[in-house]
Amino acid sequence: MKIPVKLKVNGEIYDVAIAPYRTLVDVLREEIHLTGTKKGCDVGDCGACTVLLDGKAVNACLILAATVQEAEITTIEGLAQNGKLHPLQEAFIKEGAVQCGFCVPGVLMSLKALWDSNPNPTLEEAKTAMAGNLCRCTGYTKMFKAVEAATHRS
C-alpha cells in the first residue's frame, strides 16, 4: 500500500506515493532522483546520508519519509545557490579534501549545519560537527584545513 507524501526538498515541492516504511534516503534517491545523498551503512553509523532537516544535520537512513512532510529538507544538491558553490564546497575543492567523494556530501551537510549556527567555528567545533561522518580515504586533515580556509575566507 502506498500513501501520498508531499516533501519540500531544496525549496521545491515533490508529491510522491510511497510505502509508509520508506526511509528518507531511499525516497530522495529513488523517487526524487537526488542521488547526491549517499546510502552507506543504512543504520545511522556512517553519516553518508546526512541531510539538513529544518537546518539540523540528520541521518536520512533513520527517518521515515512520511514523517517529515512539514519539514524543509536540504540535500547536497541544494547547497550551491544560483550556480555558485557554497564556500565550504569551494574550500573542499581548493584544499583537495575530496578523494573518492562518497562521504563528502554528508560531511558537507554536517558542516553546513555548523556553519549556519556559527560561521566562524573552531577546529574542535568542526571535529564535533563531523563526528558522525566516517571517511575511509582522507584522514580528515584536508577536510579540517578546508573548513579553516572557508572560515577565514568569509
# chains A, B, ... in the order shown; residues from 1 in each chain; ligands from 1
>>> residues_around(residues="Val68 (chain A)", least_positions_apart="3", cutoff="9 Å", atoms="only C-alpha atoms", output="MDAnalysis selection string")
chainID A and resid 6:8 24 53 63:65 71:73
>>> write_last_selection(atoms="N, CA and C atoms", output="PDB file, in the first residue's frame")
ATOM      1  N   LYS A   6       4.017  14.609   0.540  1.00  0.00           N
ATOM      2  CA  LYS A   6       4.484  15.860  -0.051  1.00  0.00           C
ATOM      3  C   LYS A   6       5.741  16.277   0.715  1.00  0.00           C
ATOM      4  N   LEU A   7       6.865  16.337   0.001  1.00  0.00           N
ATOM      5  CA  LEU A   7       8.136  16.705   0.623  1.00  0.00           C
ATOM      6  C   LEU A   7       8.660  18.001   0.016  1.00  0.00           C
ATOM      7  N   LYS A   8       9.195  18.863   0.876  1.00  0.00           N
ATOM      8  CA  LYS A   8       9.828  20.091   0.407  1.00  0.00           C
ATOM      9  C   LYS A   8      11.340  19.875   0.479  1.00  0.00           C
ATOM     10  N   LEU A  24      13.836   8.252   4.267  1.00  0.00           N
ATOM     11  CA  LEU A  24      14.064   9.482   3.524  1.00  0.00           C
ATOM     12  C   LEU A  24      15.179   9.308   2.505  1.00  0.00           C
ATOM     13  N   LEU A  53      17.477  18.825   8.021  1.00  0.00           N
ATOM     14  CA  LEU A  53      16.039  18.776   8.269  1.00  0.00           C
ATOM     15  C   LEU A  53      15.733  19.968   9.155  1.00  0.00           C
ATOM     16  N   ILE A  63      15.169   8.063   9.148  1.00  0.00           N
ATOM     17  CA  ILE A  63      13.936   8.848   9.171  1.00  0.00           C
ATOM     18  C   ILE A  63      12.959   8.305   8.136  1.00  0.00           C
ATOM     19  N   LEU A  64      11.741   8.063   8.559  1.00  0.00           N
ATOM     20  CA  LEU A  64      10.705   7.665   7.607  1.00  0.00           C
ATOM     21  C   LEU A  64      10.266   8.910   6.839  1.00  0.00           C
ATOM     22  N   ALA A  65      10.275   8.799   5.528  1.00  0.00           N
ATOM     23  CA  ALA A  65       9.951   9.956   4.686  1.00  0.00           C
ATOM     24  C   ALA A  65       8.572  10.529   4.993  1.00  0.00           C
ATOM     25  N   ALA A  71       8.538  19.498   6.997  1.00  0.00           N
ATOM     26  CA  ALA A  71       9.903  19.980   7.192  1.00  0.00           C
ATOM     27  C   ALA A  71      10.517  20.524   5.911  1.00  0.00           C
ATOM     28  N   GLU A  72      11.519  21.349   6.091  1.00  0.00           N
ATOM     29  CA  GLU A  72      12.356  21.831   4.996  1.00  0.00           C
ATOM     30  C   GLU A  72      13.572  20.907   4.943  1.00  0.00           C
ATOM     31  N   ILE A  73      13.717  20.201   3.834  1.00  0.00           N
ATOM     32  CA  ILE A  73      14.807  19.254   3.661  1.00  0.00           C
ATOM     33  C   ILE A  73      15.813  19.855   2.694  1.00  0.00           C
TER      34      ILE A  73
END
>>> select_by_dssp(residues="region 42-100 of chain A", states="strand (DSSP E or B)", output="VMD selection string")
chain A and resid 50 to 53 56 to 59 64 72 to 74 81 84
>>> write_last_selection(atoms="C-alpha atoms", output="compact mmCIF listing (two decimals), in the first residue's frame")
# COMPACT_ATOMS: atom_id res chain seq x y z
CA THR A 50 23.34 13.30 6.15
CA VAL A 51 20.84 15.96 5.06
CA LEU A 52 19.50 19.05 6.77
CA LEU A 53 16.04 18.78 8.27
CA LYS A 56 19.65 20.34 11.61
CA ALA A 57 22.01 17.64 10.33
CA VAL A 58 20.28 14.23 10.44
CA ASN A 59 20.85 10.74 9.07
CA LEU A 64 10.71 7.67 7.61
CA GLU A 72 12.36 21.83 5.00
CA ILE A 73 14.81 19.25 3.66
CA THR A 74 18.13 20.33 2.18
CA GLN A 81 22.86 28.65 -4.81
CA LYS A 84 27.57 29.35 -7.16
>>> residues_around(residues="Gly96 (chain A)", least_positions_apart="3", cutoff="7 Å", atoms="only C-alpha atoms", output="PyMOL selection string")
chain A and resi 92-93+142
>>> write_last_selection(atoms="N, CA and C atoms", output="mmCIF file, in the first residue's frame")
data_model
loop_
_atom_site.group_PDB
_atom_site.id
_atom_site.type_symbol
_atom_site.label_atom_id
_atom_site.label_comp_id
_atom_site.auth_asym_id
_atom_site.auth_seq_id
_atom_site.Cartn_x
_atom_site.Cartn_y
_atom_site.Cartn_z
ATOM 1 N N PHE A 92 36.646 22.810 -0.077
ATOM 2 C CA PHE A 92 36.932 21.388 -0.200
ATOM 3 C C PHE A 92 37.654 21.094 -1.510
ATOM 4 N N ILE A 93 37.242 21.756 -2.570
ATOM 5 C CA ILE A 93 37.897 21.566 -3.864
ATOM 6 C C ILE A 93 39.311 22.135 -3.828
ATOM 7 N N LYS A 142 42.748 17.232 5.468
ATOM 8 C CA LYS A 142 42.437 18.222 4.431
ATOM 9 C C LYS A 142 41.023 18.768 4.595
#
>>> closest_residue(among="A:Ala149, A:Val25, A:Val104, A:Leu111", to="Ala126 (chain A)", atoms="only C-alpha atoms")
A:Leu111
>>> residues_around(residues="Gly78 (chain A)", least_positions_apart="2", cutoff="12 Å", atoms="only C-alpha atoms", output="list of chain:residue names")
A:Lys8, A:Val9, A:Asn10, A:Gly11, A:Glu12, A:Leu34, A:Thr35, A:Gly36, A:Thr37, A:Val51, A:Leu52, A:Glu72, A:Ile73, A:Thr74, A:Thr75, A:Ile76, A:Ala80, A:Gln81, A:Asn82, A:Gly83, A:Lys84, A:Leu85, A:His86, A:Gln89, A:Pro105, A:Leu108, A:Met109, A:Lys112
>>> write_last_selection(atoms="N, CA and C atoms", output="PDB file, in the first residue's frame")
ATOM      1  N   LYS A   8       9.195  18.863   0.876  1.00  0.00           N
ATOM      2  CA  LYS A   8       9.828  20.091   0.407  1.00  0.00           C
ATOM      3  C   LYS A   8      11.340  19.875   0.479  1.00  0.00           C
ATOM      4  N   VAL A   9      11.931  19.738  -0.692  1.00  0.00           N
ATOM      5  CA  VAL A   9      13.355  19.441  -0.786  1.00  0.00           C
ATOM      6  C   VAL A   9      14.043  20.527  -1.604  1.00  0.00           C
ATOM      7  N   ASN A  10      15.035  21.148  -1.007  1.00  0.00           N
ATOM      8  CA  ASN A  10      15.794  22.214  -1.674  1.00  0.00           C
ATOM      9  C   ASN A  10      14.870  23.294  -2.234  1.00  0.00           C
ATOM     10  N   GLY A  11      13.806  23.580  -1.490  1.00  0.00           N
ATOM     11  CA  GLY A  11      12.877  24.636  -1.860  1.00  0.00           C
ATOM     12  C   GLY A  11      11.797  24.232  -2.853  1.00  0.00           C
ATOM     13  N   GLU A  12      11.825  23.005  -3.338  1.00  0.00           N
ATOM     14  CA  GLU A  12      10.821  22.531  -4.289  1.00  0.00           C
ATOM     15  C   GLU A  12       9.917  21.501  -3.626  1.00  0.00           C
ATOM     16  N   LEU A  34      17.443  12.517  -6.468  1.00  0.00           N
ATOM     17  CA  LEU A  34      18.551  13.325  -5.962  1.00  0.00           C
ATOM     18  C   LEU A  34      19.556  12.341  -5.366  1.00  0.00           C
ATOM     19  N   THR A  35      20.545  11.974  -6.148  1.00  0.00           N
ATOM     20  CA  THR A  35      21.455  10.893  -5.749  1.00  0.00           C
ATOM     21  C   THR A  35      22.733  11.380  -5.072  1.00  0.00           C
ATOM     22  N   GLY A  36      22.831  12.676  -4.816  1.00  0.00           N
ATOM     23  CA  GLY A  36      23.997  13.188  -4.100  1.00  0.00           C
ATOM     24  C   GLY A  36      24.055  12.683  -2.671  1.00  0.00           C
ATOM     25  N   THR A  37      22.907  12.492  -2.056  1.00  0.00           N
ATOM     26  CA  THR A  37      22.842  11.913  -0.716  1.00  0.00           C
ATOM     27  C   THR A  37      23.140  10.430  -0.863  1.00  0.00           C
ATOM     28  N   VAL A  51      21.549  14.852   5.693  1.00  0.00           N
ATOM     29  CA  VAL A  51      20.844  15.961   5.057  1.00  0.00           C
ATOM     30  C   VAL A  51      20.476  16.943   6.166  1.00  0.00           C
ATOM     31  N   LEU A  52      19.994  18.097   5.777  1.00  0.00           N
ATOM     32  CA  LEU A  52      19.501  19.049   6.769  1.00  0.00           C
ATOM     33  C   LEU A  52      17.991  18.947   6.828  1.00  0.00           C
ATOM     34  N   GLU A  72      11.519  21.349   6.091  1.00  0.00           N
ATOM     35  CA  GLU A  72      12.356  21.831   4.996  1.00  0.00           C
ATOM     36  C   GLU A  72      13.572  20.907   4.943  1.00  0.00           C
ATOM     37  N   ILE A  73      13.717  20.201   3.834  1.00  0.00           N
ATOM     38  CA  ILE A  73      14.807  19.254   3.661  1.00  0.00           C
ATOM     39  C   ILE A  73      15.813  19.855   2.694  1.00  0.00           C
ATOM     40  N   THR A  74      17.082  19.846   3.075  1.00  0.00           N
ATOM     41  CA  THR A  74      18.134  20.329   2.182  1.00  0.00           C
ATOM     42  C   THR A  74      19.122  19.198   1.962  1.00  0.00           C
ATOM     43  N   THR A  75      19.393  18.914   0.691  1.00  0.00           N
ATOM     44  CA  THR A  75      20.372  17.900   0.323  1.00  0.00           C
ATOM     45  C   THR A  75      21.609  18.593  -0.240  1.00  0.00           C
ATOM     46  N   ILE A  76      22.617  17.823  -0.548  1.00  0.00           N
ATOM     47  CA  ILE A  76      23.833  18.390  -1.125  1.00  0.00           C
ATOM     48  C   ILE A  76      23.537  19.143  -2.420  1.00  0.00           C
ATOM     49  N   ALA A  80      24.675  24.552  -3.220  1.00  0.00           N
ATOM     50  CA  ALA A  80      25.049  25.635  -4.129  1.00  0.00           C
ATOM     51  C   ALA A  80      23.797  26.466  -4.420  1.00  0.00           C
ATOM     52  N   GLN A  81      23.978  27.755  -4.549  1.00  0.00           N
ATOM     53  CA  GLN A  81      22.860  28.651  -4.809  1.00  0.00           C
ATOM     54  C   GLN A  81      23.133  29.483  -6.057  1.00  0.00           C
ATOM     55  N   ASN A  82      22.156  29.526  -6.949  1.00  0.00           N
ATOM     56  CA  ASN A  82      22.256  30.318  -8.177  1.00  0.00           C
ATOM     57  C   ASN A  82      23.523  29.992  -8.974  1.00  0.00           C
ATOM     58  N   GLY A  83      23.863  28.719  -9.026  1.00  0.00           N
ATOM     59  CA  GLY A  83      25.029  28.284  -9.787  1.00  0.00           C
ATOM     60  C   GLY A  83      26.359  28.556  -9.120  1.00  0.00           C
ATOM     61  N   LYS A  84      26.334  29.035  -7.886  1.00  0.00           N
ATOM     62  CA  LYS A  84      27.571  29.351  -7.159  1.00  0.00           C
ATOM     63  C   LYS A  84      27.743  28.373  -6.008  1.00  0.00           C
ATOM     64  N   LEU A  85      28.899  27.733  -5.963  1.00  0.00           N
ATOM     65  CA  LEU A  85      29.180  26.791  -4.888  1.00  0.00           C
ATOM     66  C   LEU A  85      29.189  27.495  -3.532  1.00  0.00           C
ATOM     67  N   HIS A  86      28.795  26.760  -2.512  1.00  0.00           N
ATOM     68  CA  HIS A  86      28.894  27.253  -1.141  1.00  0.00           C
ATOM     69  C   HIS A  86      30.390  27.389  -0.813  1.00  0.00           C
ATOM     70  N   GLN A  89      32.053  24.145  -0.102  1.00  0.00           N
ATOM     71  CA  GLN A  89      32.314  23.333  -1.289  1.00  0.00           C
ATOM     72  C   GLN A  89      33.561  23.837  -2.022  1.00  0.00           C
ATOM     73  N   PRO A 105      29.365  14.473   0.493  1.00  0.00           N
ATOM     74  CA  PRO A 105      28.068  15.148   0.648  1.00  0.00           C
ATOM     75  C   PRO A 105      27.586  15.181   2.104  1.00  0.00           C
ATOM     76  N   LEU A 108      29.805  17.602   4.149  1.00  0.00           N
ATOM     77  CA  LEU A 108      29.473  18.995   3.854  1.00  0.00           C
ATOM     78  C   LEU A 108      28.150  19.414   4.493  1.00  0.00           C
ATOM     79  N   MET A 109      27.177  18.517   4.518  1.00  0.00           N
ATOM     80  CA  MET A 109      25.894  18.866   5.133  1.00  0.00           C
ATOM     81  C   MET A 109      26.041  19.025   6.645  1.00  0.00           C
ATOM     82  N   LYS A 112      27.702  22.316   7.050  1.00  0.00           N
ATOM     83  CA  LYS A 112      26.762  23.408   6.725  1.00  0.00           C
ATOM     84  C   LYS A 112      25.873  23.721   7.930  1.00  0.00           C
TER      85      LYS A 112
END
>>> atom_distance(atom1="CA of Val27 (chain A)", atom2="CA of Gln69 (chain A)")
12.3 Å
